[in-house]
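Engineer: Coordinates in start_18.txt, compact mmCIF, C-alpha atoms and all ligand atoms, are listed below.
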# COMPACT_ATOMS: atom_id res chain seq x y z
CA MET L 18 20.63 2.22 -5.20
CA SER L 19 17.48 1.09 -3.44
CA GLU L 20 17.32 1.85 0.27
CA ALA L 21 15.65 -1.40 1.22
CA PRO L 22 15.73 -4.35 -1.15
CA GLY L 23 13.78 -7.43 -0.33
CA VAL L 24 10.66 -6.23 1.52
CA GLY L 25 7.52 -6.02 -0.57
CA ILE L 26 3.76 -6.11 -0.69
CA LEU L 27 2.52 -9.71 -0.81
CA GLY L 28 -1.18 -8.89 -1.20
CA THR L 29 -3.70 -6.07 -0.94
CA GLY L 30 -7.35 -5.70 0.04
CA SER L 31 -9.98 -3.04 0.55
CA TYR L 32 -13.48 -2.60 1.84
CA LEU L 33 -16.05 0.09 1.08
CA PRO L 34 -19.39 0.17 2.86
CA SER L 35 -22.40 -0.32 0.57
CA ARG L 36 -24.29 2.85 1.42
CA VAL L 37 -23.67 5.59 -1.18
CA LEU L 38 -24.13 9.27 -0.34
CA SER L 39 -24.22 11.31 -3.55
CA ASN L 40 -23.71 15.04 -4.02
CA PHE L 41 -27.43 15.21 -4.75
CA ASP L 42 -28.16 13.66 -1.35
CA LEU L 43 -25.96 16.35 0.23
CA GLU L 44 -27.93 19.07 -1.58
CA LYS L 45 -30.84 18.04 0.64
CA MET L 46 -28.75 18.28 3.83
CA VAL L 47 -26.77 21.54 3.50
CA GLU L 48 -26.68 24.55 1.18
CA THR L 49 -24.48 23.10 -1.55
CA SER L 50 -24.73 21.79 -5.10
CA ASP L 51 -23.45 18.86 -7.10
CA GLU L 52 -21.85 21.39 -9.43
CA TRP L 53 -19.91 23.14 -6.60
CA ILE L 54 -18.67 19.88 -5.11
CA ARG L 55 -17.64 18.41 -8.47
CA THR L 56 -15.81 21.47 -9.74
CA ARG L 57 -14.07 22.34 -6.43
CA THR L 58 -13.18 18.78 -5.39
CA GLY L 59 -13.87 16.21 -8.15
CA ILE L 60 -16.02 14.17 -5.73
CA ARG L 61 -19.36 12.76 -6.96
CA GLU L 62 -20.22 10.37 -4.16
CA ARG L 63 -18.80 8.77 -1.03
CA ARG L 64 -19.55 5.66 1.06
CA LEU L 65 -20.92 5.69 4.59
CA ALA L 66 -20.60 2.89 7.13
CA ALA L 67 -23.75 1.54 8.73
CA GLY L 68 -24.58 2.55 12.30
CA GLY L 69 -23.36 -0.72 13.77
CA GLU L 70 -20.33 -0.96 11.49
CA PHE L 71 -17.14 0.26 13.14
CA THR L 72 -13.64 1.12 11.95
CA SER L 73 -12.38 -2.27 13.13
CA ASP L 74 -15.09 -4.09 11.12
CA MET L 75 -14.10 -2.34 7.90
CA ALA L 76 -10.41 -2.98 8.65
CA VAL L 77 -11.08 -6.68 9.23
CA ALA L 78 -12.99 -6.99 5.93
CA ALA L 79 -10.09 -5.36 4.04
CA ALA L 80 -7.55 -7.42 5.99
CA ARG L 81 -9.23 -10.74 5.13
CA ARG L 82 -8.95 -9.90 1.42
CA ALA L 83 -5.29 -8.90 1.72
CA LEU L 84 -4.48 -12.04 3.74
CA GLU L 85 -6.15 -14.22 1.12
CA ALA L 86 -4.41 -12.45 -1.77
CA SER L 87 -1.04 -12.94 -0.05
CA GLY L 88 -1.65 -16.54 0.97
CA THR L 89 -1.17 -15.63 4.64
CA ARG L 90 -3.08 -17.15 7.56
CA PRO L 91 -3.96 -14.71 10.38
CA GLU L 92 -1.98 -16.87 12.82
CA ASP L 93 1.16 -16.34 10.71
CA LEU L 94 1.12 -12.55 11.21
CA ASP L 95 3.83 -11.12 13.46
CA MET L 96 2.58 -7.56 13.40
CA ILE L 97 -0.55 -5.46 12.80
CA VAL L 98 -0.24 -1.71 12.34
CA ASN L 99 -3.48 0.16 11.86
CA ALA L 100 -3.60 3.79 10.76
CA THR L 101 -6.70 5.69 11.80
CA ILE L 102 -8.01 8.94 13.25
CA THR L 103 -11.39 7.36 13.96
CA PRO L 104 -10.56 4.45 16.29
CA ASP L 105 -13.43 2.36 17.70
CA MET L 106 -12.52 3.91 21.09
CA PRO L 107 -9.77 6.36 22.07
CA TRP L 108 -7.99 3.33 23.55
CA PRO L 109 -7.12 0.51 23.51
CA SER L 110 -5.83 0.58 19.97
CA THR L 111 -8.18 -0.48 17.20
CA ALA L 112 -5.31 -2.70 15.99
CA CYS L 113 -5.80 -4.87 19.10
CA LEU L 114 -9.54 -5.17 18.36
CA ILE L 115 -8.67 -6.17 14.78
CA GLN L 116 -6.14 -8.72 16.02
CA GLU L 117 -8.81 -10.37 18.16
CA LYS L 118 -11.40 -10.42 15.34
CA LEU L 119 -8.89 -11.93 12.90
CA GLY L 120 -7.53 -14.47 15.37
CA ALA L 121 -3.97 -13.27 14.76
CA ALA L 122 -2.80 -14.50 18.17
CA LYS L 123 0.95 -14.22 17.48
CA ALA L 124 0.89 -10.62 16.23
CA PHE L 125 1.74 -7.52 18.25
CA ALA L 126 -0.67 -4.74 17.32
CA PHE L 127 -0.76 -0.96 17.54
CA ASP L 128 -2.29 2.09 15.87
CA VAL L 129 -0.51 4.97 14.17
CA SER L 130 -1.99 8.45 14.07
CA ALA L 131 -0.87 10.38 11.00
CA ALA L 132 -4.29 11.16 9.50
CA CYS L 133 -4.28 10.95 5.68
CA SER L 134 -0.57 10.02 5.64
CA GLY L 135 -1.39 7.12 7.98
CA PHE L 136 -1.30 4.25 5.50
CA LEU L 137 2.17 5.27 4.32
CA TYR L 138 3.40 5.85 7.90
CA GLY L 139 2.12 2.33 8.65
CA LEU L 140 3.74 0.86 5.55
CA THR L 141 7.06 2.48 6.44
CA THR L 142 6.82 1.28 10.04
CA ALA L 143 6.13 -2.31 8.99
CA HIS L 144 8.87 -2.16 6.37
CA ASN L 145 11.41 -1.14 9.01
CA PHE L 146 10.24 -3.76 11.53
CA ILE L 147 10.76 -6.41 8.84
CA LEU L 148 14.15 -5.00 7.82
CA SER L 149 15.29 -5.04 11.45
CA GLY L 150 14.21 -8.67 11.86
CA THR L 151 11.64 -7.90 14.57
CA ALA L 152 8.78 -9.08 12.33
CA SER L 153 8.59 -11.17 9.19
CA ARG L 154 4.99 -10.86 8.06
CA ALA L 155 3.06 -7.65 8.78
CA LEU L 156 -0.48 -6.48 8.15
CA VAL L 157 -0.77 -2.76 7.38
CA LEU L 158 -4.19 -1.14 7.55
CA GLY L 159 -5.73 2.26 6.98
CA ALA L 160 -9.33 2.35 8.17
CA GLU L 161 -11.70 5.23 8.86
CA LYS L 162 -15.26 5.89 9.87
CA LEU L 163 -14.98 9.63 9.24
CA SER L 164 -18.76 9.92 9.16
CA SER L 165 -18.60 9.55 12.97
CA ILE L 166 -16.63 12.82 13.41
CA ILE L 167 -18.20 14.91 10.63
CA ASP L 168 -20.46 17.85 11.42
CA TRP L 169 -23.25 17.12 8.93
CA LYS L 170 -24.36 20.75 9.20
CA ASP L 171 -20.98 22.15 8.08
CA ARG L 172 -20.89 22.37 4.29
CA ASN L 173 -17.20 23.30 4.36
CA THR L 174 -16.27 19.80 5.52
CA CYS L 175 -19.19 17.36 5.22
CA VAL L 176 -19.01 17.14 1.42
CA LEU L 177 -15.38 16.00 1.41
CA PHE L 178 -15.10 12.80 3.40
CA GLY L 179 -16.12 9.14 3.28
CA ASP L 180 -15.63 5.82 5.08
CA GLY L 181 -13.62 2.72 4.09
CA ALA L 182 -10.53 0.59 4.67
CA GLY L 183 -7.42 -0.48 2.77
CA ALA L 184 -4.96 -3.25 3.65
CA ALA L 185 -1.62 -4.68 2.59
CA VAL L 186 0.40 -7.66 3.80
CA LEU L 187 4.15 -7.04 3.81
CA GLY L 188 6.94 -9.56 3.92
CA PRO L 189 10.22 -10.60 2.33
CA SER L 190 9.69 -10.27 -1.42
CA GLU L 191 11.40 -9.07 -4.57
CA ARG L 192 8.03 -8.21 -6.13
CA ARG L 193 6.21 -4.99 -5.29
CA ARG L 194 9.36 -4.16 -3.38
CA VAL L 195 9.86 -0.98 -1.34
CA LEU L 196 12.66 1.02 -2.96
CA SER L 197 12.60 4.10 -0.74
CA VAL L 198 10.54 6.07 1.75
CA HIS L 199 10.29 9.66 2.85
CA LEU L 200 8.28 10.93 5.84
CA GLY L 201 7.87 14.41 7.32
CA SER L 202 5.85 16.39 9.85
CA ASP L 203 5.15 19.98 10.87
CA GLY L 204 3.40 20.19 14.24
CA GLY L 205 3.45 23.99 13.99
CA ALA L 206 0.40 23.74 11.73
CA ALA L 207 -1.51 21.23 13.87
CA GLU L 208 -4.51 23.50 14.37
CA LEU L 209 -5.27 23.73 10.65
CA LEU L 210 -6.89 20.30 10.69
CA CYS L 211 -7.87 18.67 13.96
CA MET L 212 -10.56 17.43 16.32
CA PRO L 213 -10.20 19.86 19.24
CA GLY L 214 -12.34 18.11 21.86
CA GLY L 215 -12.34 14.78 23.66
CA GLY L 216 -8.61 14.65 24.49
CA SER L 217 -6.71 15.64 27.65
CA ARG L 218 -6.68 19.29 26.61
CA ARG L 219 -10.46 19.58 26.40
CA PRO L 220 -12.05 16.46 27.87
CA THR L 221 -15.60 15.86 26.69
CA SER L 222 -18.02 18.08 28.64
CA PRO L 223 -21.36 19.76 27.97
CA GLU L 224 -19.33 22.80 26.80
CA THR L 225 -17.19 20.88 24.29
CA LEU L 226 -20.30 19.20 22.93
CA ALA L 227 -22.19 22.48 22.68
CA GLY L 228 -19.21 23.99 20.83
CA GLY L 229 -19.04 21.06 18.41
CA LEU L 230 -15.44 20.36 19.41
CA HIS L 231 -15.98 16.63 18.85
CA PHE L 232 -16.18 17.28 15.10
CA LEU L 233 -13.39 17.51 12.53
CA LYS L 234 -12.32 21.16 12.04
CA MET L 235 -10.40 22.39 9.03
CA GLU L 236 -8.98 25.57 7.52
CA GLY L 237 -9.58 24.29 3.99
CA LYS L 238 -7.74 26.97 2.04
CA GLU L 239 -4.59 26.76 4.19
CA VAL L 240 -4.57 22.97 4.03
CA PHE L 241 -4.98 23.16 0.27
CA LYS L 242 -1.92 25.41 -0.13
CA PHE L 243 0.17 23.18 2.10
CA ALA L 244 -0.99 20.01 0.32
CA VAL L 245 0.01 21.14 -3.14
CA LYS L 246 3.59 21.84 -2.05
CA ALA L 247 3.98 18.93 0.38
CA MET L 248 2.73 16.19 -1.94
CA ALA L 249 5.09 17.06 -4.78
CA ALA L 250 8.05 17.69 -2.46
CA ALA L 251 7.54 14.38 -0.60
CA ALA L 252 7.31 12.43 -3.86
CA GLU L 253 10.41 14.18 -5.24
CA GLU L 254 12.42 13.28 -2.11
CA ALA L 255 11.40 9.61 -2.20
CA ILE L 256 11.94 9.35 -5.96
CA ALA L 257 15.46 10.83 -5.62
CA LYS L 258 16.26 8.47 -2.71
CA ALA L 259 15.36 5.55 -4.99
CA GLY L 260 17.85 6.88 -7.54
CA LEU L 261 15.04 7.73 -9.97
CA LYS L 262 13.60 10.75 -11.77
CA PRO L 263 9.88 11.64 -11.78
CA SER L 264 9.74 10.65 -15.46
CA ASP L 265 10.70 7.07 -14.42
CA ILE L 266 7.44 6.75 -12.49
CA ARG L 267 4.86 4.59 -14.29
CA LEU L 268 2.02 5.40 -11.88
CA LEU L 269 1.50 7.98 -9.15
CA ILE L 270 -0.96 6.85 -6.47
CA PRO L 271 -1.77 9.98 -4.47
CA HIS L 272 -3.91 10.52 -1.39
CA GLN L 273 -7.42 11.09 -2.75
CA ALA L 274 -8.38 14.42 -1.18
CA ASN L 275 -9.26 16.77 -4.03
CA ILE L 276 -8.74 16.45 -7.80
CA ARG L 277 -7.28 19.98 -7.89
CA ILE L 278 -4.59 18.95 -5.36
CA VAL L 279 -3.89 15.77 -7.33
CA GLU L 280 -3.62 17.67 -10.63
CA ALA L 281 -1.35 20.32 -9.11
CA THR L 282 0.91 17.60 -7.69
CA ALA L 283 1.11 15.85 -11.07
CA LYS L 284 1.92 19.16 -12.74
CA ARG L 285 4.76 19.92 -10.32
CA LEU L 286 6.18 16.45 -10.99
CA GLU L 287 5.63 16.94 -14.74
CA LEU L 288 3.59 13.74 -14.90
CA PRO L 289 0.63 13.54 -17.31
CA MET L 290 -2.70 12.65 -15.66
CA GLU L 291 -2.68 9.28 -17.54
CA LYS L 292 0.06 8.32 -15.07
CA VAL L 293 -2.00 9.28 -12.02
CA PHE L 294 -4.54 7.02 -10.33
CA VAL L 295 -7.79 8.72 -9.26
CA ASN L 296 -10.82 7.22 -7.50
CA LEU L 297 -11.85 10.16 -5.31
CA ASP L 298 -14.93 10.71 -7.47
CA LYS L 299 -16.36 7.47 -6.02
CA TYR L 300 -15.19 7.58 -2.41
CA GLY L 301 -14.22 11.14 -1.45
CA ASN L 302 -11.43 11.56 1.07
CA THR L 303 -11.15 8.45 3.27
CA SER L 304 -8.08 9.78 5.13
CA ALA L 305 -5.79 6.93 6.28
CA ALA L 306 -7.71 4.43 4.12
CA SER L 307 -7.29 6.39 0.90
CA VAL L 308 -3.90 5.21 -0.42
CA GLY L 309 -4.58 1.61 0.68
CA ILE L 310 -7.90 1.49 -1.18
CA ALA L 311 -6.29 3.05 -4.26
CA LEU L 312 -3.41 0.55 -4.18
CA ASP L 313 -5.86 -2.34 -4.04
CA GLU L 314 -7.86 -0.97 -6.99
CA VAL L 315 -4.65 -0.52 -9.00
CA GLU L 316 -3.80 -4.17 -8.30
CA ALA L 317 -7.35 -5.38 -9.10
CA GLN L 318 -7.40 -3.45 -12.39
CA GLY L 319 -4.03 -4.90 -13.42
CA LEU L 320 -2.62 -1.46 -14.22
CA LEU L 321 1.00 -2.40 -13.51
CA LYS L 322 3.53 -4.94 -14.75
CA PRO L 323 6.68 -6.28 -13.09
CA GLY L 324 9.45 -3.70 -13.00
CA ASP L 325 7.14 -0.66 -13.10
CA LYS L 326 8.07 2.07 -10.62
CA VAL L 327 5.18 3.36 -8.53
CA ALA L 328 5.05 6.44 -6.29
CA LEU L 329 2.62 6.49 -3.37
CA VAL L 330 2.24 9.93 -1.79
CA ALA L 331 0.07 11.51 0.89
CA PHE L 332 -0.35 14.52 3.17
CA GLY L 333 -2.59 15.07 6.13
CA ALA L 334 -3.32 16.44 9.58
CA GLY L 335 -0.37 16.87 11.89
CA LEU L 336 0.64 18.18 9.52
CA THR L 337 2.24 15.10 8.01
CA TRP L 338 3.48 13.97 4.61
CA ALA L 339 4.81 10.71 3.25
CA SER L 340 5.93 9.01 0.07
CA VAL L 341 6.89 5.41 -0.69
CA ILE L 342 8.38 4.21 -3.98
CA LEU L 343 7.70 0.63 -5.06
CA GLU L 344 9.10 -1.52 -7.84
CA TRP L 345 6.19 -3.69 -9.02
O1 LIG N 1 -6.74 15.10 3.54
C1 LIG N 1 -6.61 16.42 3.96
C2 LIG N 1 -7.97 16.97 4.14
N1 LIG N 1 -8.24 18.27 3.63
C3 LIG N 1 -8.28 18.63 2.35
O2 LIG N 1 -7.87 17.96 1.45
C4 LIG N 1 -8.91 19.94 2.06
C5 LIG N 1 -8.06 20.88 1.28
N2 LIG N 1 -8.85 22.01 0.87
C6 LIG N 1 -9.74 21.93 -0.15
O3 LIG N 1 -9.88 20.89 -0.77
C7 LIG N 1 -10.49 23.17 -0.56
O4 LIG N 1 -9.96 24.27 0.13
C8 LIG N 1 -12.02 23.08 -0.30
C9 LIG N 1 -12.62 22.07 -1.27
C10 LIG N 1 -12.27 22.65 1.13
C11 LIG N 1 -12.66 24.41 -0.57
O5 LIG N 1 -12.36 24.87 -1.87
P1 LIG N 1 -11.90 26.39 -2.11
O6 LIG N 1 -11.77 26.57 -3.56
O7 LIG N 1 -10.68 26.59 -1.26
O8 LIG N 1 -13.15 27.16 -1.61
P2 LIG N 1 -13.24 28.27 -0.48
O9 LIG N 1 -12.97 27.67 0.85
O10 LIG N 1 -12.43 29.41 -0.92
O11 LIG N 1 -14.75 28.65 -0.55
C12 LIG N 1 -15.28 29.34 -1.65
C13 LIG N 1 -16.74 29.63 -1.37
C14 LIG N 1 -16.98 30.23 0.01
O12 LIG N 1 -17.98 31.19 -0.14
P3 LIG N 1 -17.62 32.76 -0.13
O13 LIG N 1 -16.98 32.99 1.20
O14 LIG N 1 -16.69 32.93 -1.29
O15 LIG N 1 -18.95 33.39 -0.29
C15 LIG N 1 -17.51 29.07 0.80
O16 LIG N 1 -18.38 29.48 1.83
O17 LIG N 1 -17.47 28.40 -1.41
C16 LIG N 1 -18.26 28.30 -0.24
N3 LIG N 1 -18.41 26.90 0.09
C17 LIG N 1 -19.37 26.13 -0.45
N4 LIG N 1 -20.35 26.40 -1.35
C18 LIG N 1 -21.16 25.39 -1.70
C19 LIG N 1 -17.67 26.13 0.93
N5 LIG N 1 -18.15 24.88 0.95
C20 LIG N 1 -19.20 24.84 0.10
C21 LIG N 1 -20.09 23.84 -0.31
N6 LIG N 1 -21.04 24.14 -1.22
N7 LIG N 1 -20.00 22.56 0.14
Show me this structure written as structure tokens.
Ligand code: UT7
Structural biologist:
Amino acid sequence: MSEAPGVGILGTGSYLPSRVLSNFDLEKMVETSDEWIRTRTGIRERRLAAGGEFTSDMAVAAARRALEASGTRPEDLDMIVNATITPDMPWPSTACLIQEKLGAAKAFAFDVSAACSGFLYGLTTAHNFILSGTASRALVLGAEKLSSIIDWKDRNTCVLFGDGAGAAVLGPSERRRVLSVHLGSDGGAAELLCMPGGGSRRPTSPETLAGGLHFLKMEGKEVFKFAVKAMAAAAEEAIAKAGLKPSDIRLLIPHQANIRIVEATAKRLELPMEKVFVNLDKYGNTSAASVGIALDEVEAQGLLKPGDKVALVAFGAGLTWASVILEW
């Protein structure tokens, strides 16, 4: 029944920077209100990395916790896959910088770019490398310093996002086992959520800077409509591939973008909100880090017992969507 028995999550970790930016702080920066942000998004506060704290630093902090939890030494890792849209530099990959900082000399390392679906794209990639025998122990990361690409004058976007990192170590295991995966993309809607400048299409120039093309741009309403459909559909596909029904799911761990998107997804799956994990009130949308951080908090809070079925689901820029079903 299960697509891939025998590969599971050996340990998780997360890292959130200490600086808190509340809705009330944002009221002093743009024309907004705590009330608007809370009712439209569910977010109360988010974390911001320090000036000298980079995506790789947050990833390494999360990674160390996941390595410890899994009883893995950095030198035992075969593979590091890091999901991010805010790499330390456009290239080389942030995964290589993380490898060096961890001292994971044996691991091959690369980034994946799937925005908010990134952690699940990374998890799926590592899962398949392990299944194929190319790797045995893999570190999966989602890490973002979104504050570095936010236009802090744009109230449509600056209230939504935060910084952080989530990590998981994958290896042969019957516990927290991957039962099924489902991934999808629609490049036709790429412009709805993107950073237009700084790539080969519009290399950084005085004009791109003046136009603010180095900031995240989003058609919020369109992304919202897409998200509500894509999250539920992705979860349904993965649940069916695992030979399960939505009612078999003990806990849904969704990408933490907006409480209204999360509630709509739960409704479509006919899952009560008691079966849905939410932490977006504390951290906002941390893109690729979001599902990894949530997974680590679920583990830390002891919300699951062996045998429970868990659905991880995300959507993001690309557009992309992803769902992974685990048996705890
Ligand atoms: O991980 C993927 C990343 N993206 C997302 O998850 C975003 C998905 N989209 C959303 O979450 C929602 O569309 C938003 C939260 C971005 C916006 O919520 P909405 O209910 O779709 O609001 P809206 O865009 O329709 O805006 C309603 C009003 C507008 O004013 P007018 O034109 O009606 O006068 C906006 O200008 O709210 C205004 N507005 C704000 N007001 C106060 C937009 N941002 C703010 C703000 N504070 N921060």
Engineer: Using all atoms listed in the file, which residue out of L:Ala66, L:Val98, L:Leu288, L:Leu210 lies closest to ligand LIG 1 (chain N)?
Structural biologist: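 Going through L:Ala66, L:Val98, L:Leu288, L:Leu210 one by one, the smallest distance to ligand LIG 1 (chain N) is for L:Leu210.
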Engineer: Just give me the residues with any atom within 8 Å of (-2.5, -7.1, 17.5), file coordinates, counting all atoms listed in the file, written as a PyMOL selection string.
Structural biologist: chain L and resi 96-98+112-117+121-127
Engineer: Considering only C-alpha atoms and all ligand atoms, state which residue in the set L:Gly181, L:Gly201, L:Gly324, L:Gly59 is at the smallest distance from ligand LIG 1 (chain N).
Structural biologist: L:Gly59
Engineer: Tell me, as a list in words, which residues lie within 12 Å of Thr225 of chain L, counting all atoms listed in the file; anything in the same chain fewer than 3 positions away does not count.
Structural biologist: Met212, Pro213, Gly214, Gly215, Gly216, Arg218, Arg219, Pro220, Thr221, Ser222, Gly228, Gly229, Leu230, His231 and Phe232 of chain L
Engineer: With only C-alpha atoms as the atoms that count, which of L:Met106, L:Met248, L:Ile26, L:Val279 lies nearest to Ala155 of chain L?
Structural biologist: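 Checking each of L:Met106, L:Met248, L:Ile26, L:Val279 against Ala155 of chain L, counting only C-alpha atoms, the winner is L:Ile26.
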Engineer: Using only C-alpha atoms and all ligand atoms, what does the table of chain L residues within 9 Å of ligand LIG 1 (chain N) look like, with each row giving the shortest atom pair and its distance in Å to one decimal, sorted by chain and ascending number, as CSV?
Structural biologist:
residue,atom,partner,partner_atom,distance
L:Leu43,CA,N:LIG1,N7,8.6
L:Glu44,CA,N:LIG1,N6,8.6
L:Val47,CA,N:LIG1,N7,7.6
L:Glu48,CA,N:LIG1,N6,6.1
L:Thr49,CA,N:LIG1,N6,3.6
L:Ser50,CA,N:LIG1,N6,5.8
L:Asp51,CA,N:LIG1,N6,8.3
L:Glu52,CA,N:LIG1,N6,8.7
L:Trp53,CA,N:LIG1,C18,5.5
L:Ile54,CA,N:LIG1,N7,6.0
L:Thr56,CA,N:LIG1,O6,9.0
L:Arg57,CA,N:LIG1,C9,5.4
L:Thr58,CA,N:LIG1,C9,5.3
L:Ala132,CA,N:LIG1,O1,7.6
L:Cys133,CA,N:LIG1,O1,5.3
L:Ser134,CA,N:LIG1,O1,8.3
L:Asp171,CA,N:LIG1,N7,8.0
L:Arg172,CA,N:LIG1,N7,4.2
L:Asn173,CA,N:LIG1,N5,3.9
L:Thr174,CA,N:LIG1,C10,6.6
L:Cys175,CA,N:LIG1,N7,7.3
L:Val176,CA,N:LIG1,N7,5.7
L:Leu177,CA,N:LIG1,C9,7.2
L:Phe178,CA,N:LIG1,C2,8.3
L:Leu210,CA,N:LIG1,C2,7.4
L:Met235,CA,N:LIG1,N1,7.1
L:Glu236,CA,N:LIG1,N2,7.5
L:Gly237,CA,N:LIG1,O4,3.9
L:Lys238,CA,N:LIG1,O4,4.0
L:Glu239,CA,N:LIG1,O4,7.2
L:Val240,CA,N:LIG1,C5,4.9
L:Phe241,CA,N:LIG1,C5,4.0
L:Lys242,CA,N:LIG1,C5,7.8
L:Phe243,CA,N:LIG1,C5,8.6
L:Ala244,CA,N:LIG1,C5,7.2
L:His272,CA,N:LIG1,O1,7.3
L:Gln273,CA,N:LIG1,O1,7.5
L:Ala274,CA,N:LIG1,O2,4.4
L:Asn275,CA,N:LIG1,O3,5.3
L:Ile276,CA,N:LIG1,O3,8.4
L:Arg277,CA,N:LIG1,O3,7.6
L:Ile278,CA,N:LIG1,O3,7.3
L:Asn302,CA,N:LIG1,O1,6.4
L:Thr303,CA,N:LIG1,O1,8.0
L:Ser304,CA,N:LIG1,O1,5.7
L:Ala305,CA,N:LIG1,O1,8.7
L:Ala331,CA,N:LIG1,O1,8.1
L:Phe332,CA,N:LIG1,O1,6.4
L:Gly333,CA,N:LIG1,C1,4.8
L:Ala334,CA,N:LIG1,C1,6.5
Engineer: For atom CA of Leu148 of chain L and atom CA of Phe136 of chain L, quote the distance in Å rounded to one decimal.
Structural biologist: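 Separation between atom CA of Leu148 of chain L and atom CA of Phe136 of chain L: 18.2 Å.
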Engineer: L:Asp93, L:Glu253, L:Asp42, L:Glu224: which is nearest Leu286 of chain L, counting all atoms listed in the file?
Structural biologist: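 Using all atoms listed in the file, Leu286 of chain L sits closest to L:Glu253.
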Engineer: Would you mind listing what lies within 10 Å of Ala78 of chain L as JSON, numbers by chain, with all atoms listed in the file counted and same-chain residues fewer than 4 positions away left out?
Structural biologist: {"L": [30, 31, 32, 33, 73, 74, 82, 83, 115, 119, 181, 182, 183, 184]}
Engineer: Which distance in Å separates atom CA of Ile342 of chain L and atom CA of Arg81 of chain L, to one decimal?
Structural biologist: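 One can read the atom CA of Ile342 of chain L to atom CA of Arg81 of chain L distance as 24.8 Å.
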Engineer: Go through L:Val293, L:Leu329, L:Met75, L:Leu321 and flag the residue nearest His199 of chain L, using only C-alpha atoms for the distances.
Structural biologist: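 Of all the options, L:Leu329 lies closest to His199 of chain L.
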Engineer: Quick one: residues within 8 Å of Ala249 of chain L, only C-alpha atoms, excluding same-chain residues fewer than 6 positions away - as a list of chain:residue names?
Structural biologist: L:Thr282, L:Ala283, L:Arg285, L:Leu286
